[in-house]
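Visitor: The structure is given below, and queries will be raised subsequently.
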Amino acid sequence: MKKHNFSAGPSILPQEVLEKASAAVLDFNGIGLSLLEISHRSKDFVAVMDEVRTIVKRLMKLGDDYEVLFLQGGASLQFAMVPYNLLSTNGKAAYTDTGVWASGAIKEAKKIGQVEVVGSSKDKNYSYIPKDISVDSSFDYFHCTSNNTIYGTQIKDFPKVDTRLVCDMSSDIFSRELDFTKFDLIYAGAQKNMGPAGTTLVVVKKEILGKTGRDMPTYFDYQLHIEKESMLNTPPVFSIYTSLLTLQWLEKNGGIAGAEKRNIAKAELLYKEIDNNPLFVGLAAKEDRSLMNVSFKLTDENKKEAFDTAWKNAGISGLNGHRTTGGYRASLYNALPIESVQVLVDVMKSIS
Ligand SMILES: Cc1ncc(COP(=O)(O)O)c(C=O)c1O
């Protein structure tokens, strides 16, 4: 029996995507070869690369002033690539510290240049989004994390800053409608809303590149990746192809607007239960609650065994919270059906 997969990442993918990806591993496009055993420069794979870049732009409603890259090294490598490409040698960058991943980005940037933390929610174990952020044009860029996977907080209104806006959207990419033209650079590891681990999406406004005068390792240079159309070295073909399949599935199911509608319905269903059931309490500040990762805990630890047994018996997987927060975390990524959320809510109701 297929489980109800609430895992934070790698996470649930649409069943039809898994089936098509599996078929391509055996015989890609009916060419008698596996996707995994052909050249990335073959016409069949180049077509995948072209299509995936096009579909990203179409979904995000972006024009030719943006480039789409599929890189390796995870979102973690972007923590370093962003400052290498955008932070000038005597410049400074502004960051908000909203959790483990944001502080990872800050730590890397500090190795490369000057960084100011202009907002932090560390004082309350990252349970809220710092507000009233102001960043002037003396900064080369402002970096934020749109969705904090571990804590279940999400930026609803992005700060209006007087510099370039850079965002780690690893855990809410393609999950809600945003004006993506407001961003100068967006990056996201594939393994939540897009595909298996192995590739990282980078969307960058071309005009911001090439301004730092910095020398950097070849792989770090976005401009080189643009010139080589994400084939500077051998790309992770399986991860990119599966991402294409997921994005085609998304487009067929109403695009980002359709996903957002479903994600709101799922989140409302679960938050309503958390708020109405005296046995549970949410961990994130209400106004900053994430549509993607719902963090909560029991109000009576004596019920832990009963609750854990009940959700496991109901076929639920991946509900344990991160070790730094404890409690539970239900990840409601695009591919999770509302029926799975209903199963969880029914289990929560059954505990008394
Ligand atoms: C918001 C966010 N940023 C960055 C990362 C790190 O991603 P990767 O493992 O692709 O380096 C994660 C991983 O969960 C994340 O949730």
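Going through the structure tokens in order, the chains are called A, B, and so on, while each chain numbers its residues from 1 and the ligands are numbered from 1 in the order shown.
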Residues within 9 Å of ligand 1, counting only C-alpha atoms and all ligand atoms: report them as a PyMOL selection string.
Guide: chain A and resi 8-10+72-79+99-102+104-105+145-150+168-172+187-192+197-200
Visitor: Please, could you write that set of residues out with C-alpha atoms as a CSV table (one decimal), in the first residue's frame?
Guide:
```csv
chain,number,residue,atom,x,y,z
A,8,ALA,CA,10.1,17.3,4.5
A,9,GLY,CA,12.4,16.3,1.7
A,10,PRO,CA,13.2,14.4,-0.4
A,72,GLN,CA,24.5,20.5,-8.9
A,73,GLY,CA,25.6,20.9,-5.3
A,74,GLY,CA,22.2,21.4,-3.9
A,75,ALA,CA,20.8,24.7,-2.5
A,76,SER,CA,23.9,24.5,-0.1
A,77,LEU,CA,26.3,25.3,-3.0
A,78,GLN,CA,24.2,28.3,-3.8
A,79,PHE,CA,24.9,29.6,-0.3
A,99,GLY,CA,16.6,29.3,10.6
A,100,VAL,CA,19.3,26.7,10.1
A,101,TRP,CA,19.3,27.1,6.3
A,102,ALA,CA,19.4,30.9,6.4
A,104,GLY,CA,24.0,28.3,6.6
A,105,ALA,CA,23.8,30.9,3.8
A,145,THR,CA,14.6,32.3,2.7
A,146,SER,CA,11.0,32.3,1.6
A,147,ASN,CA,10.0,29.1,3.5
A,148,ASN,CA,11.7,27.8,6.6
A,149,THR,CA,11.3,24.1,6.2
A,150,ILE,CA,12.2,23.1,9.7
A,168,ASP,CA,16.2,30.6,-1.3
A,169,MET,CA,12.9,29.1,-2.3
A,170,SER,CA,13.9,25.5,-1.8
A,171,SER,CA,10.8,24.4,0.1
A,172,ASP,CA,8.1,26.5,-1.5
A,187,TYR,CA,17.3,29.2,-6.2
A,188,ALA,CA,15.8,25.9,-5.0
A,189,GLY,CA,17.0,22.4,-4.5
A,190,ALA,CA,14.8,20.1,-6.6
A,191,GLN,CA,14.0,17.6,-3.9
A,192,LYS,CA,10.8,19.1,-2.5
A,197,ALA,CA,17.7,15.4,-5.2
A,198,GLY,CA,20.6,16.0,-7.5
A,199,THR,CA,19.8,19.2,-9.3
A,200,THR,CA,19.2,22.8,-8.1
```
Visitor: Write out as a list in words each polymer residue whose atoms come within 9 Å of Val52 in chain A, counting only C-alpha atoms; drop sequence neighbours fewer than 2 positions from it.
Guide: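 So the residues in contact are Ala47, Val48, Met49, Asp50, Thr54, Ile55, Val56, Lys57, Val68, Ile240, Tyr241, Ser243, Leu244, Leu245, Leu247 and Gln248 of chain A.
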Visitor: Using only C-alpha atoms, which protein or nucleic acid residues come within 8 Å of Arg176 in chain A? Drop anything in the same chain fewer than 4 positions from it, and give the result as a PyMOL selection string.
Guide: chain A and resi 172+256-257+259-260
Visitor: Which of range 85-225 of chain A counts as strand (DSSP E) under DSSP, as a ChimeraX atom specification please?
Guide: /A:92-97,114-120,141-145,147-148,153-154,164-168,185-189,200-205
Visitor: List as a short mmCIF file (atom, residue, chain, number, x, y, z; two decimals) with N, CA, C and O atoms, in the first residue's frame the protein and nucleic acid residues near Pro235 in chain A, meaning an atom at most 9 Å away when only C-alpha atoms are counted, but skip any in the same chain fewer than 2 places from it.
Guide:
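Dumped to part35.cif:
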```
data_model
loop_
_atom_site.label_atom_id
_atom_site.label_comp_id
_atom_site.auth_asym_id
_atom_site.auth_seq_id
_atom_site.Cartn_x
_atom_site.Cartn_y
_atom_site.Cartn_z
N HIS A 40 24.49 13.28 -22.60
CA HIS A 40 23.68 14.47 -22.28
C HIS A 40 23.64 15.42 -23.47
O HIS A 40 22.84 16.34 -23.50
N PHE A 70 20.07 24.65 -14.37
CA PHE A 70 19.95 23.45 -13.55
C PHE A 70 21.36 23.01 -13.17
O PHE A 70 22.11 22.53 -14.02
N LEU A 71 21.69 23.21 -11.90
CA LEU A 71 23.06 22.98 -11.44
C LEU A 71 23.11 21.83 -10.44
O LEU A 71 22.07 21.22 -10.14
N GLN A 72 24.32 21.57 -9.93
CA GLN A 72 24.48 20.52 -8.91
C GLN A 72 24.95 21.17 -7.60
O GLN A 72 25.12 22.37 -7.52
N THR A 199 19.68 18.00 -8.50
CA THR A 199 19.81 19.24 -9.27
C THR A 199 19.21 20.40 -8.48
O THR A 199 18.38 20.20 -7.60
N SER A 230 23.62 25.13 -19.06
CA SER A 230 23.59 24.16 -17.94
C SER A 230 24.31 22.86 -18.27
O SER A 230 24.05 21.83 -17.66
N MET A 231 25.21 22.92 -19.24
CA MET A 231 26.00 21.72 -19.56
C MET A 231 27.50 22.05 -19.53
O MET A 231 28.26 21.60 -20.38
N LEU A 232 27.88 22.82 -18.52
CA LEU A 232 29.30 23.12 -18.32
C LEU A 232 30.03 21.82 -18.00
O LEU A 232 31.15 21.59 -18.44
N ASN A 233 29.40 20.98 -17.22
CA ASN A 233 29.88 19.61 -17.01
C ASN A 233 28.67 18.69 -17.17
O ASN A 233 27.57 19.16 -17.47
N VAL A 237 21.18 14.02 -15.24
CA VAL A 237 20.08 13.87 -16.22
C VAL A 237 18.79 13.33 -15.61
O VAL A 237 17.70 13.76 -15.96
N PHE A 238 18.92 12.38 -14.70
CA PHE A 238 17.70 11.78 -14.13
C PHE A 238 16.91 12.82 -13.33
O PHE A 238 15.68 12.94 -13.46
N SER A 239 17.63 13.58 -12.54
CA SER A 239 16.99 14.57 -11.70
C SER A 239 16.34 15.67 -12.56
O SER A 239 15.23 16.14 -12.27
N ILE A 240 17.02 16.05 -13.60
CA ILE A 240 16.48 17.11 -14.48
C ILE A 240 15.27 16.59 -15.25
O ILE A 240 14.23 17.26 -15.35
#
```
Visitor: Can you pull out every residue within 10 Å of Glu207 in chain A, counting only C-alpha atoms, but drop anything in the same chain fewer than 2 positions away, and send it as a ChimeraX atom specification?
Guide: /A:65-66,184,204-205,209-211
Visitor: Residues of the last selection are to be written out with C-alpha atoms, as a tab-separated table (two decimals), in the first residue's frame.
Guide:
```tsv
chain	number	residue	atom	x	y	z
A	65	ASP	CA	15.80	39.00	-19.21
A	66	TYR	CA	15.97	35.89	-16.99
A	184	ASP	CA	16.78	39.06	-9.13
A	204	VAL	CA	18.68	34.72	-12.47
A	205	LYS	CA	18.18	38.12	-14.01
A	209	LEU	CA	25.86	39.29	-13.35
A	210	GLY	CA	29.46	40.12	-14.14
A	211	LYS	CA	29.68	43.18	-11.89
```
Visitor: Tell me, as a ChimeraX atom specification, which residues lie within 9 Å of Ser88 in chain A, counting only C-alpha atoms; anything in the same chain fewer than 2 positions away does not count.
Guide: /A:83-86,90-92,113,140,211-214
Visitor: Write the residues you've just listed into a file as a compact mmCIF listing (two decimals), in the first residue's frame, and include N, CA, C and O atoms for each of them.
Guide:
```txt
# COMPACT_ATOMS: atom_id res chain seq x y z
N PRO A 83 27.11 34.75 -3.17
CA PRO A 83 28.07 35.84 -2.88
C PRO A 83 29.23 35.91 -3.87
O PRO A 83 29.67 37.01 -4.21
N TYR A 84 29.71 34.78 -4.35
CA TYR A 84 30.80 34.83 -5.33
C TYR A 84 30.39 35.67 -6.55
O TYR A 84 31.17 36.42 -7.11
N ASN A 85 29.15 35.52 -6.96
CA ASN A 85 28.69 36.18 -8.19
C ASN A 85 28.12 37.58 -7.96
O ASN A 85 28.08 38.37 -8.90
N LEU A 86 27.66 37.86 -6.75
CA LEU A 86 26.94 39.13 -6.55
C LEU A 86 27.59 40.10 -5.56
O LEU A 86 27.24 41.27 -5.53
N ASN A 90 34.63 44.98 -2.26
CA ASN A 90 34.52 45.91 -1.12
C ASN A 90 33.07 46.22 -0.76
O ASN A 90 32.79 47.19 -0.07
N GLY A 91 32.16 45.40 -1.23
CA GLY A 91 30.74 45.62 -0.96
C GLY A 91 30.24 44.87 0.26
O GLY A 91 31.01 44.25 0.99
N LYS A 92 28.93 44.93 0.47
CA LYS A 92 28.34 44.19 1.59
C LYS A 92 26.97 43.64 1.18
O LYS A 92 26.32 44.20 0.28
N GLY A 113 32.75 37.66 1.89
CA GLY A 113 32.72 39.11 1.96
C GLY A 113 32.01 39.60 3.20
O GLY A 113 31.77 38.84 4.14
N ASP A 140 24.90 45.19 -1.85
CA ASP A 140 24.90 44.57 -3.19
C ASP A 140 23.65 43.74 -3.41
O ASP A 140 23.16 43.61 -4.54
N LYS A 211 29.42 41.82 -12.39
CA LYS A 211 29.68 43.18 -11.89
C LYS A 211 30.66 43.22 -10.72
O LYS A 211 30.99 44.30 -10.24
N THR A 212 31.10 42.08 -10.23
CA THR A 212 31.91 42.12 -9.00
C THR A 212 33.40 42.19 -9.27
O THR A 212 34.17 42.54 -8.38
N GLY A 213 33.81 41.82 -10.46
CA GLY A 213 35.23 41.78 -10.76
C GLY A 213 35.96 40.67 -10.03
O GLY A 213 37.17 40.68 -9.90
N ARG A 214 35.21 39.74 -9.50
CA ARG A 214 35.80 38.66 -8.71
C ARG A 214 36.24 37.50 -9.60
O ARG A 214 35.52 37.15 -10.53
```
Visitor: Show which residues sit within 8 Å of Tyr328 in chain A, as a list of chain:residue names. Count only C-alpha atoms, and ignore same-chain residues fewer than 4 positions away.
Guide: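 So the residues in contact are A:Ser295, A:Phe296, A:Lys297, A:Leu319, A:Asn320, A:Gly321, A:His322.
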Visitor: Output N, CA, C and O atoms of each residue in that selection to a file, as a PDB file, in the first residue's frame.
Guide:
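The file below, again.pdb, is the result:
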```pdb
ATOM      1  N   SER A 295       4.175  22.803  11.434  1.00  0.00           N
ATOM      2  CA  SER A 295       4.860  22.282  12.635  1.00  0.00           C
ATOM      3  C   SER A 295       3.915  22.375  13.828  1.00  0.00           C
ATOM      4  O   SER A 295       3.245  23.388  14.033  1.00  0.00           O
ATOM      5  N   PHE A 296       3.854  21.329  14.598  1.00  0.00           N
ATOM      6  CA  PHE A 296       2.953  21.321  15.763  1.00  0.00           C
ATOM      7  C   PHE A 296       3.453  20.319  16.796  1.00  0.00           C
ATOM      8  O   PHE A 296       4.350  19.517  16.519  1.00  0.00           O
ATOM      9  N   LYS A 297       2.873  20.378  17.998  1.00  0.00           N
ATOM     10  CA  LYS A 297       3.253  19.387  19.012  1.00  0.00           C
ATOM     11  C   LYS A 297       2.030  19.041  19.860  1.00  0.00           C
ATOM     12  O   LYS A 297       0.999  19.737  19.805  1.00  0.00           O
ATOM     13  N   LEU A 319       6.296  12.077   9.611  1.00  0.00           N
ATOM     14  CA  LEU A 319       5.617  13.125  10.388  1.00  0.00           C
ATOM     15  C   LEU A 319       6.454  13.680  11.544  1.00  0.00           C
ATOM     16  O   LEU A 319       6.090  14.704  12.121  1.00  0.00           O
ATOM     17  N   ASN A 320       7.558  13.029  11.864  1.00  0.00           N
ATOM     18  CA  ASN A 320       8.335  13.511  13.014  1.00  0.00           C
ATOM     19  C   ASN A 320       8.944  14.881  12.723  1.00  0.00           C
ATOM     20  O   ASN A 320       9.418  15.148  11.618  1.00  0.00           O
ATOM     21  N   GLY A 321       8.949  15.742  13.738  1.00  0.00           N
ATOM     22  CA  GLY A 321       9.540  17.067  13.593  1.00  0.00           C
ATOM     23  C   GLY A 321      11.062  16.973  13.486  1.00  0.00           C
ATOM     24  O   GLY A 321      11.651  15.920  13.751  1.00  0.00           O
ATOM     25  N   HIS A 322      11.672  18.080  13.121  1.00  0.00           N
ATOM     26  CA  HIS A 322      13.131  18.132  13.046  1.00  0.00           C
ATOM     27  C   HIS A 322      13.704  18.000  14.460  1.00  0.00           C
ATOM     28  O   HIS A 322      13.089  18.437  15.428  1.00  0.00           O
TER      29      HIS A 322
END
```
